[in-house]
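A.B. asks: Sharing work-v4.tsv (TSV, C-alpha atoms) below.
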chain	number	residue	atom	x	y	z
A	6	MET	CA	64.00	-3.76	0.72
A	7	LEU	CA	63.74	-4.06	-3.04
A	8	SER	CA	60.23	-5.44	-2.74
A	9	ILE	CA	59.18	-2.29	-0.91
A	10	TYR	CA	60.38	-0.13	-3.81
A	11	ILE	CA	58.61	-2.36	-6.31
A	12	CYS	CA	55.36	-2.22	-4.30
A	13	SER	CA	55.70	1.56	-3.97
A	14	ALA	CA	56.11	1.88	-7.72
A	15	ILE	CA	53.07	-0.33	-8.38
A	16	LEU	CA	51.10	1.66	-5.82
A	17	GLY	CA	52.02	4.93	-7.52
A	18	ILE	CA	51.10	3.59	-10.95
A	19	SER	CA	47.77	2.26	-9.63
A	20	ILE	CA	46.89	5.63	-8.12
A	21	LEU	CA	47.91	7.42	-11.33
A	22	ILE	CA	45.77	5.09	-13.47
A	23	LEU	CA	42.84	5.56	-11.09
A	24	ILE	CA	43.16	9.35	-11.35
A	25	LEU	CA	43.48	9.32	-15.14
A	26	ARG	CA	40.44	7.06	-15.48
A	27	ASN	CA	38.28	9.56	-13.62
A	28	ILE	CA	39.49	12.79	-15.28
A	29	LYS	CA	36.70	14.06	-17.52
A	30	ILE	CA	38.69	15.27	-20.53
A	31	LYS	CA	35.74	14.63	-22.83
A	32	PRO	CA	32.31	13.09	-22.38
A	33	ARG	CA	32.37	9.28	-22.35
A	34	GLU	CA	29.89	6.54	-21.69
A	35	THR	CA	29.51	5.53	-18.07
A	36	SER	CA	30.93	2.04	-17.52
A	37	LYS	CA	30.74	-0.32	-14.60
A	38	PRO	CA	33.21	0.73	-11.86
A	39	VAL	CA	34.81	-2.74	-11.69
A	40	TRP	CA	38.26	-1.55	-12.67
A	41	ASP	CA	38.12	1.42	-10.32
A	42	ILE	CA	37.19	-0.82	-7.40
A	43	SER	CA	39.94	-3.30	-8.34
A	44	LEU	CA	42.56	-0.54	-8.49
A	45	ILE	CA	41.44	0.85	-5.13
A	46	LEU	CA	41.72	-2.61	-3.54
A	47	VAL	CA	45.18	-3.17	-5.08
A	48	ALA	CA	46.34	0.23	-3.86
A	49	PHE	CA	44.97	-0.46	-0.37
A	50	PHE	CA	46.73	-3.82	0.01
A	51	LEU	CA	49.97	-2.46	-1.41
A	52	LEU	CA	49.88	0.47	0.98
A	53	ALA	CA	49.19	-1.88	3.89
A	54	TYR	CA	52.10	-4.07	2.83
A	55	ILE	CA	54.47	-1.11	2.56
A	56	LEU	CA	53.47	0.33	5.94
A	57	THR	CA	53.84	-3.09	7.56
A	58	ALA	CA	57.25	-3.66	5.97
A	59	LEU	CA	58.45	-0.28	7.21
A	60	LYS	CA	57.11	-1.20	10.68
A	61	ILE	CA	55.02	1.94	10.79
A	62	PHE	CA	52.29	0.17	12.77
A	63	ASN	CA	54.79	-0.70	15.53
A	64	ARG	CA	55.32	2.91	16.48
A	65	ILE	CA	53.48	4.09	19.59
A	66	ILE	CA	52.06	7.22	17.95
A	67	VAL	CA	50.62	5.19	15.08
A	68	LYS	CA	49.18	2.59	17.47
A	69	ASP	CA	47.48	5.30	19.52
A	70	TYR	CA	46.13	6.84	16.34
A	71	ILE	CA	44.71	3.51	15.13
A	72	ILE	CA	43.06	2.90	18.51
A	73	ALA	CA	41.56	6.40	18.46
A	74	VAL	CA	40.24	5.89	14.92
A	75	LYS	CA	38.81	2.51	15.94
A	76	ASP	CA	36.99	4.09	18.89
A	77	MET	CA	35.67	6.88	16.68
A	78	LEU	CA	34.38	4.36	14.13
A	79	GLN	CA	32.57	2.45	16.89
A	80	ILE	CA	30.97	5.67	18.15
A	81	LEU	CA	30.04	6.63	14.56
A	82	PHE	CA	28.48	3.19	13.96
A	83	LEU	CA	26.49	3.43	17.20
A	84	PHE	CA	25.32	6.94	16.26
A	85	ILE	CA	24.17	5.74	12.81
A	86	VAL	CA	22.22	2.83	14.38
A	87	ILE	CA	20.54	5.17	16.91
A	88	MET	CA	19.64	7.68	14.18
A	89	LEU	CA	18.25	4.89	12.00
A	90	ILE	CA	16.05	3.61	14.84
A	91	PHE	CA	14.96	7.17	15.61
A	92	TYR	CA	14.09	7.79	11.94
A	93	ILE	CA	12.01	4.60	11.78
A	94	LEU	CA	10.14	5.49	14.98
A	95	ILE	CA	9.42	8.99	13.64
A	96	GLY	CA	8.16	7.36	10.45
A	97	PHE	CA	5.76	5.13	12.39
A	98	LEU	CA	4.54	7.92	14.67
A	99	GLY	CA	4.15	10.30	11.74
A	100	LYS	CA	2.24	7.63	9.79
A	101	ARG	CA	4.88	7.60	7.07
A	102	TYR	CA	5.39	3.87	7.48
A	103	THR	CA	3.27	0.97	8.66
A	104	LEU	CA	4.35	-2.45	9.93
A	105	ARG	CA	1.63	-4.99	9.47
A	106	VAL	CA	1.56	-8.74	10.16
A	107	ASP	CA	-0.85	-10.51	7.87
A	108	LYS	CA	-2.56	-13.85	8.42
A	109	PHE	CA	-0.50	-16.99	8.87
A	110	ASN	CA	-0.01	-19.02	5.76
A	111	ILE	CA	2.02	-22.03	4.69
A	112	GLY	CA	5.07	-19.89	4.14
A	113	GLY	CA	4.84	-18.26	7.57
A	114	ILE	CA	4.02	-14.63	8.33
A	115	ASN	CA	3.81	-11.89	5.73
A	116	ILE	CA	5.38	-8.73	7.13
A	117	LEU	CA	4.81	-5.54	5.17
A	118	PHE	CA	7.02	-2.51	5.83
A	119	ASP	CA	5.80	0.31	3.66
A	120	LYS	CA	4.42	3.83	3.68
A	121	SER	CA	1.08	4.00	5.46
A	122	SER	CA	-0.57	5.59	2.43
A	123	GLU	CA	0.69	2.76	0.22
A	124	ILE	CA	-0.72	0.15	2.60
A	125	TYR	CA	-4.04	2.01	2.61
A	126	ILE	CA	-4.24	2.19	-1.18
A	127	LYS	CA	-3.42	-1.49	-1.58
A	128	THR	CA	-5.79	-2.82	1.08
A	129	VAL	CA	-8.75	-0.53	0.38
A	130	GLY	CA	-8.31	-0.75	-3.39
A	131	THR	CA	-8.25	-4.55	-3.28
A	132	PHE	CA	-11.26	-4.70	-0.98
A	133	VAL	CA	-13.57	-2.33	-2.84
A	134	SER	CA	-12.67	-3.80	-6.23
A	135	SER	CA	-13.99	-7.15	-5.00
A	136	LYS	CA	-17.45	-5.64	-4.34
A	137	ARG	CA	-19.14	-5.61	-7.73
A	138	SER	CA	-22.33	-3.90	-6.54
A	139	LEU	CA	-20.32	-0.78	-5.67
A	140	PHE	CA	-19.59	-0.35	-9.38
A	141	ASP	CA	-22.31	-2.29	-11.15
A	142	PHE	CA	-25.79	-3.29	-10.01
A	143	GLU	CA	-27.62	-5.89	-12.06
A	144	GLU	CA	-31.32	-5.46	-11.49
A	145	LYS	CA	-32.32	-8.91	-12.72
A	146	ARG	CA	-30.10	-10.96	-10.45
A	147	ASP	CA	-28.72	-8.85	-7.58
A	148	ASN	CA	-30.35	-9.14	-4.18
A	149	ILE	CA	-30.61	-5.64	-2.69
A	150	TYR	CA	-30.38	-7.10	0.81
A	151	GLU	CA	-26.90	-8.42	-0.04
A	152	VAL	CA	-26.02	-5.15	-1.75
A	153	LEU	CA	-26.77	-3.35	1.51
A	154	ASN	CA	-24.44	-5.80	3.27
A	155	ALA	CA	-21.69	-5.10	0.74
A	156	TYR	CA	-22.06	-1.32	1.13
A	157	TYR	CA	-22.00	-1.59	4.90
A	158	GLU	CA	-18.86	-3.75	4.80
A	159	ALA	CA	-17.15	-1.28	2.46
A	160	TYR	CA	-18.10	1.63	4.71
A	161	ASN	CA	-16.69	-0.07	7.81
A	162	PHE	CA	-13.54	-1.23	6.04
A	163	ILE	CA	-12.65	2.21	4.69
A	164	ARG	CA	-13.44	3.89	8.01
A	165	SER	CA	-11.31	1.43	10.02
A	166	ASN	CA	-8.31	1.90	7.69
A	167	LEU	CA	-8.63	5.68	7.44
A	168	GLU	CA	-6.37	6.06	10.48
A	169	LEU	CA	-3.43	5.04	8.26
A	170	LEU	CA	-3.66	8.38	6.47
A	171	ASP	CA	-2.42	11.78	7.55
A	172	PRO	CA	-5.11	14.37	6.65
A	173	LYS	CA	-2.41	16.92	5.75
A	174	LYS	CA	0.24	14.79	4.03
A	175	ASN	CA	-2.32	12.59	2.20
A	176	GLN	CA	-4.85	15.36	1.64
A	177	GLY	CA	-6.17	14.22	-1.76
A	178	LEU	CA	-6.52	10.56	-0.79
A	179	TYR	CA	-8.04	11.46	2.57
A	180	LYS	CA	-10.59	13.79	0.95
A	181	ILE	CA	-11.71	11.17	-1.59
A	182	SER	CA	-12.02	8.52	1.15
A	183	CYS	CA	-14.15	10.81	3.31
A	184	GLU	CA	-16.36	11.60	0.33
A	185	ILE	CA	-16.91	7.87	-0.28
A	186	LEU	CA	-17.78	7.42	3.39
A	187	ARG	CA	-20.26	10.31	3.27
A	188	LYS	CA	-22.02	8.90	0.22
A	189	LEU	CA	-22.19	5.37	1.63
A	190	ASN	CA	-23.34	6.67	5.00
A	191	HIS	CA	-26.08	8.77	3.39
A	192	PHE	CA	-27.25	5.81	1.31
A	193	LEU	CA	-27.29	3.40	4.26
A	194	THR	CA	-29.02	5.89	6.55
A	195	THR	CA	-31.68	6.56	3.91
A	196	HIS	CA	-32.46	2.99	2.88
A	197	GLN	CA	-30.97	0.32	5.10
A	198	ASN	CA	-33.42	0.21	7.99
A	199	ASP	CA	-36.61	0.46	5.94
A	200	TYR	CA	-35.59	-2.08	3.32
A	201	ARG	CA	-34.30	-4.62	5.81
A	202	ARG	CA	-37.51	-4.48	7.84
A	203	TRP	CA	-39.63	-4.88	4.68
A	204	TYR	CA	-37.48	-7.69	3.26
A	205	ASP	CA	-37.32	-9.64	6.54
A	206	ARG	CA	-41.11	-9.50	6.81
A	207	VAL	CA	-41.58	-10.60	3.20
A	208	ILE	CA	-39.21	-13.55	3.62
A	209	SER	CA	-40.80	-14.49	6.94
A	210	ASP	CA	-44.32	-14.46	5.45
A	211	ASP	CA	-43.12	-15.97	2.15
A	212	THR	CA	-45.53	-13.66	0.39
A	213	VAL	CA	-45.43	-10.19	-1.14
A	214	THR	CA	-48.17	-8.01	-2.59
A	215	ASP	CA	-47.80	-7.13	-6.25
A	216	THR	CA	-48.00	-3.33	-6.33
A	217	ALA	CA	-49.36	-3.39	-9.88
A	218	THR	CA	-52.20	-5.93	-9.46
A	219	GLY	CA	-52.68	-6.08	-5.68
A	220	LYS	CA	-52.37	-9.87	-5.77
A	221	SER	CA	-50.25	-11.92	-3.37
A	222	ILE	CA	-47.08	-13.51	-4.78
A	223	THR	CA	-45.35	-16.51	-3.18
A	224	VAL	CA	-41.78	-15.36	-2.59
A	225	HIS	CA	-39.98	-18.69	-2.94
A	226	GLU	CA	-41.66	-19.24	-6.32
A	227	THR	CA	-40.67	-15.81	-7.64
A	228	THR	CA	-37.41	-14.35	-8.93
A	229	ILE	CA	-35.57	-11.90	-6.69
A	230	GLU	CA	-36.14	-9.18	-9.30
A	231	ASP	CA	-39.92	-9.54	-9.13
A	232	VAL	CA	-39.89	-9.69	-5.33
A	233	GLN	CA	-37.89	-6.52	-4.66
A	234	LYS	CA	-39.67	-4.55	-7.38
A	235	ASN	CA	-42.65	-4.49	-5.03
A	236	TYR	CA	-40.75	-2.59	-2.34
A	237	TYR	CA	-42.65	0.65	-1.75
A	238	ARG	CA	-39.55	2.83	-2.34
A	239	TYR	CA	-38.00	0.70	-5.05
A	240	ALA	CA	-37.60	3.45	-7.69
A	241	GLU	CA	-35.86	5.77	-5.20
A	242	LEU	CA	-33.63	2.96	-3.93
A	243	LEU	CA	-32.66	1.88	-7.45
A	244	ASN	CA	-31.85	5.46	-8.41
A	245	ASP	CA	-29.57	5.90	-5.37
A	246	ILE	CA	-27.77	2.61	-6.09
A	247	ASN	CA	-27.11	3.82	-9.64
A	248	ASP	CA	-25.72	7.07	-8.22
A	249	ILE	CA	-23.28	5.10	-6.04
A	250	ASN	CA	-22.25	3.04	-9.09
A	251	LYS	CA	-21.61	6.16	-11.17
A	252	TYR	CA	-19.57	7.80	-8.42
A	253	MET	CA	-17.42	4.73	-7.70
A	254	SER	CA	-16.82	4.19	-11.43
A	255	LYS	CA	-15.24	7.62	-11.84
A	256	LYS	CA	-11.75	7.53	-13.33
A	257	GLU	CA	-10.40	9.60	-10.43
A	258	ILE	CA	-11.34	6.93	-7.87
A	259	LYS	CA	-10.05	4.07	-10.02
A	260	ASN	CA	-6.74	5.89	-10.48
A	261	ILE	CA	-6.26	6.85	-6.84
A	262	PHE	CA	-6.92	3.28	-5.66
A	263	ARG	CA	-5.06	1.80	-8.66
A	264	ILE	CA	-8.00	-0.32	-9.78
A	265	ASN	CA	-6.98	-1.58	-13.22
A	266	PHE	CA	-9.22	-4.62	-13.20
A	267	PHE	CA	-11.96	-6.07	-11.01
A	268	ASP	CA	-11.74	-9.24	-8.93
A	269	TRP	CA	-15.34	-10.00	-9.83
A	270	GLU	CA	-14.85	-10.07	-13.58
A	271	GLY	CA	-15.95	-13.51	-14.69
A	272	LYS	CA	-16.98	-14.37	-11.10
A	273	GLU	CA	-20.02	-14.00	-8.91
A	274	HIS	CA	-19.62	-11.45	-6.10
A	275	ALA	CA	-22.05	-9.40	-4.09
Can you turn what I pasted into structure tokens?

C.D. replies:
Amino acid sequence: MLSIYICSAILGISILILILRNIKIKPRETSKPVWDISLILVAFFLLAYILTALKIFNRIIVKDYIIAVKDMLQILFLFIVIMLIFYILIGFLGKRYTLRVDKFNIGGINILFDKSSEIYIKTVGTFVSSKRSLFDFEEKRDNIYEVLNAYYEAYNFIRSNLELLDPKKNQGLYKISCEILRKLNHFLTTHQNDYRRWYDRVISDDTVTDTATGKSITVHETTIEDVQKNYYRYAELLNDINDINKYMSKKEIKNIFRINFFDWEGKEHA
């Protein structure tokens, strides 16, 4: 019986210390709650010991109460699980989150669970930053035929991932993406068909007419710069490529897609 009194005294002291530690008499630095947690655990075990020693748990009323509390906790846990599942489903349906399984690799499967807009920014930003000709066209070495391929790939990639965005919740990002699509679509519609037909014919014949002299030039003995300069709409095409480069190099686009550096720096990319 003496041990019960001792435990009760310790319990009371522990509770008192816990209360005093959390009274804000004056401002103090916030410390780690290790001691508070320790005191709570000590108080809990002491209380359990005292109630057990007094045979409180053997009483029918207490037993019924414990069973009722246990049932309520089970119902509460089930309710929390259901609400969590419901919240996740709402997130997926509302395009707040996206679950994506990437390609297999040595480590297994990469599963990304993130906001849909975040997935869009990461995937599109990484893709477009790998296409140098979207930001910088080098007249002396870049093949316009491959540039057209790069623009077409970028257009399709952005369009196929646009469904990740909610036009209302991601209004700014959605607007910028649509503007990029419009510019790429206008460029491709204006130039793609004509240039491809001209280039395919030139490569097939292995000869191109120099627009300045009227002489025939053997394609495989000529640099790509000198070949494509003889395209009949070259000046217009070059001007429109430069316009795309200027637009894609805007700080607003780099910021929104978090492009801090380019994958093609120090490398060769189309």

A.B. asks: Please, what distance in Å, to one decimal, runs between CA of Thr195 in chain A and CA of Glu143 in chain A?

C.D. replies: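 Those two atoms sit 20.7 Å apart.
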
A.B. asks: For each of A:Asp210, A:Asp215, A:Glu144, A:Asp171, take the minimum atom-to-atom distance to Leu243 in chain A, counting only C-alpha atoms, then give the residue where this is smallest.

C.D. replies: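 Checking each candidate against Leu243 in chain A, we get A:Glu144 as the closest.
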
A.B. asks: When distances are computed from all atoms listed in the file, which of A:Thr223, A:Thr128, A:Gln197, A:Gln176 shows the smallest separation from Asp211 in chain A?

C.D. replies: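 Counting all atoms listed in the file, the residue closest to Asp211 in chain A is A:Thr223.
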
A.B. asks: From the list A:Glu168, A:Val47, A:Val213, A:Phe267, which residue is nearest Thr228 in chain A when using only C-alpha atoms?

C.D. replies: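 Counting only C-alpha atoms, the residue closest to Thr228 in chain A is A:Val213.
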
A.B. asks: Just the number, please: distance in Å from CA of Lys255 in chain A to CA of Glu184 in chain A, one decimal.

C.D. replies: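 Atom-to-atom, CA of Lys255 in chain A and CA of Glu184 in chain A are spaced 12.9 Å apart.
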
A.B. asks: Can you work out which one of A:Tyr252, A:Tyr179, A:Phe162, A:Tyr204 has the shortest atom-to-atom distance to Ser122 in chain A, counting only C-alpha atoms?

C.D. replies: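 Smallest separation from Ser122 in chain A among the options: A:Tyr179.
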
A.B. asks: Given only C-alpha atoms as the basis, pick out the residue of A:Ile249, A:Leu83, A:Ile229, A:Leu169 nearest to Leu189 in chain A.

C.D. replies: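 The shortest atom-to-atom distance to Leu189 in chain A comes from A:Ile249.
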
A.B. asks: Just the number, please: distance in Å from CA of Lys220 in chain A to CA of Phe142 in chain A, one decimal.

C.D. replies: 27.7 Å

A.B. asks: For Ser135 in chain A, which of A:Asn235, A:Ala155, A:Ala217, A:Ser121 is the closest residue, counting only C-alpha atoms?

C.D. replies: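 When distances to Ser135 in chain A are compared using only C-alpha atoms, the smallest one comes from A:Ala155.
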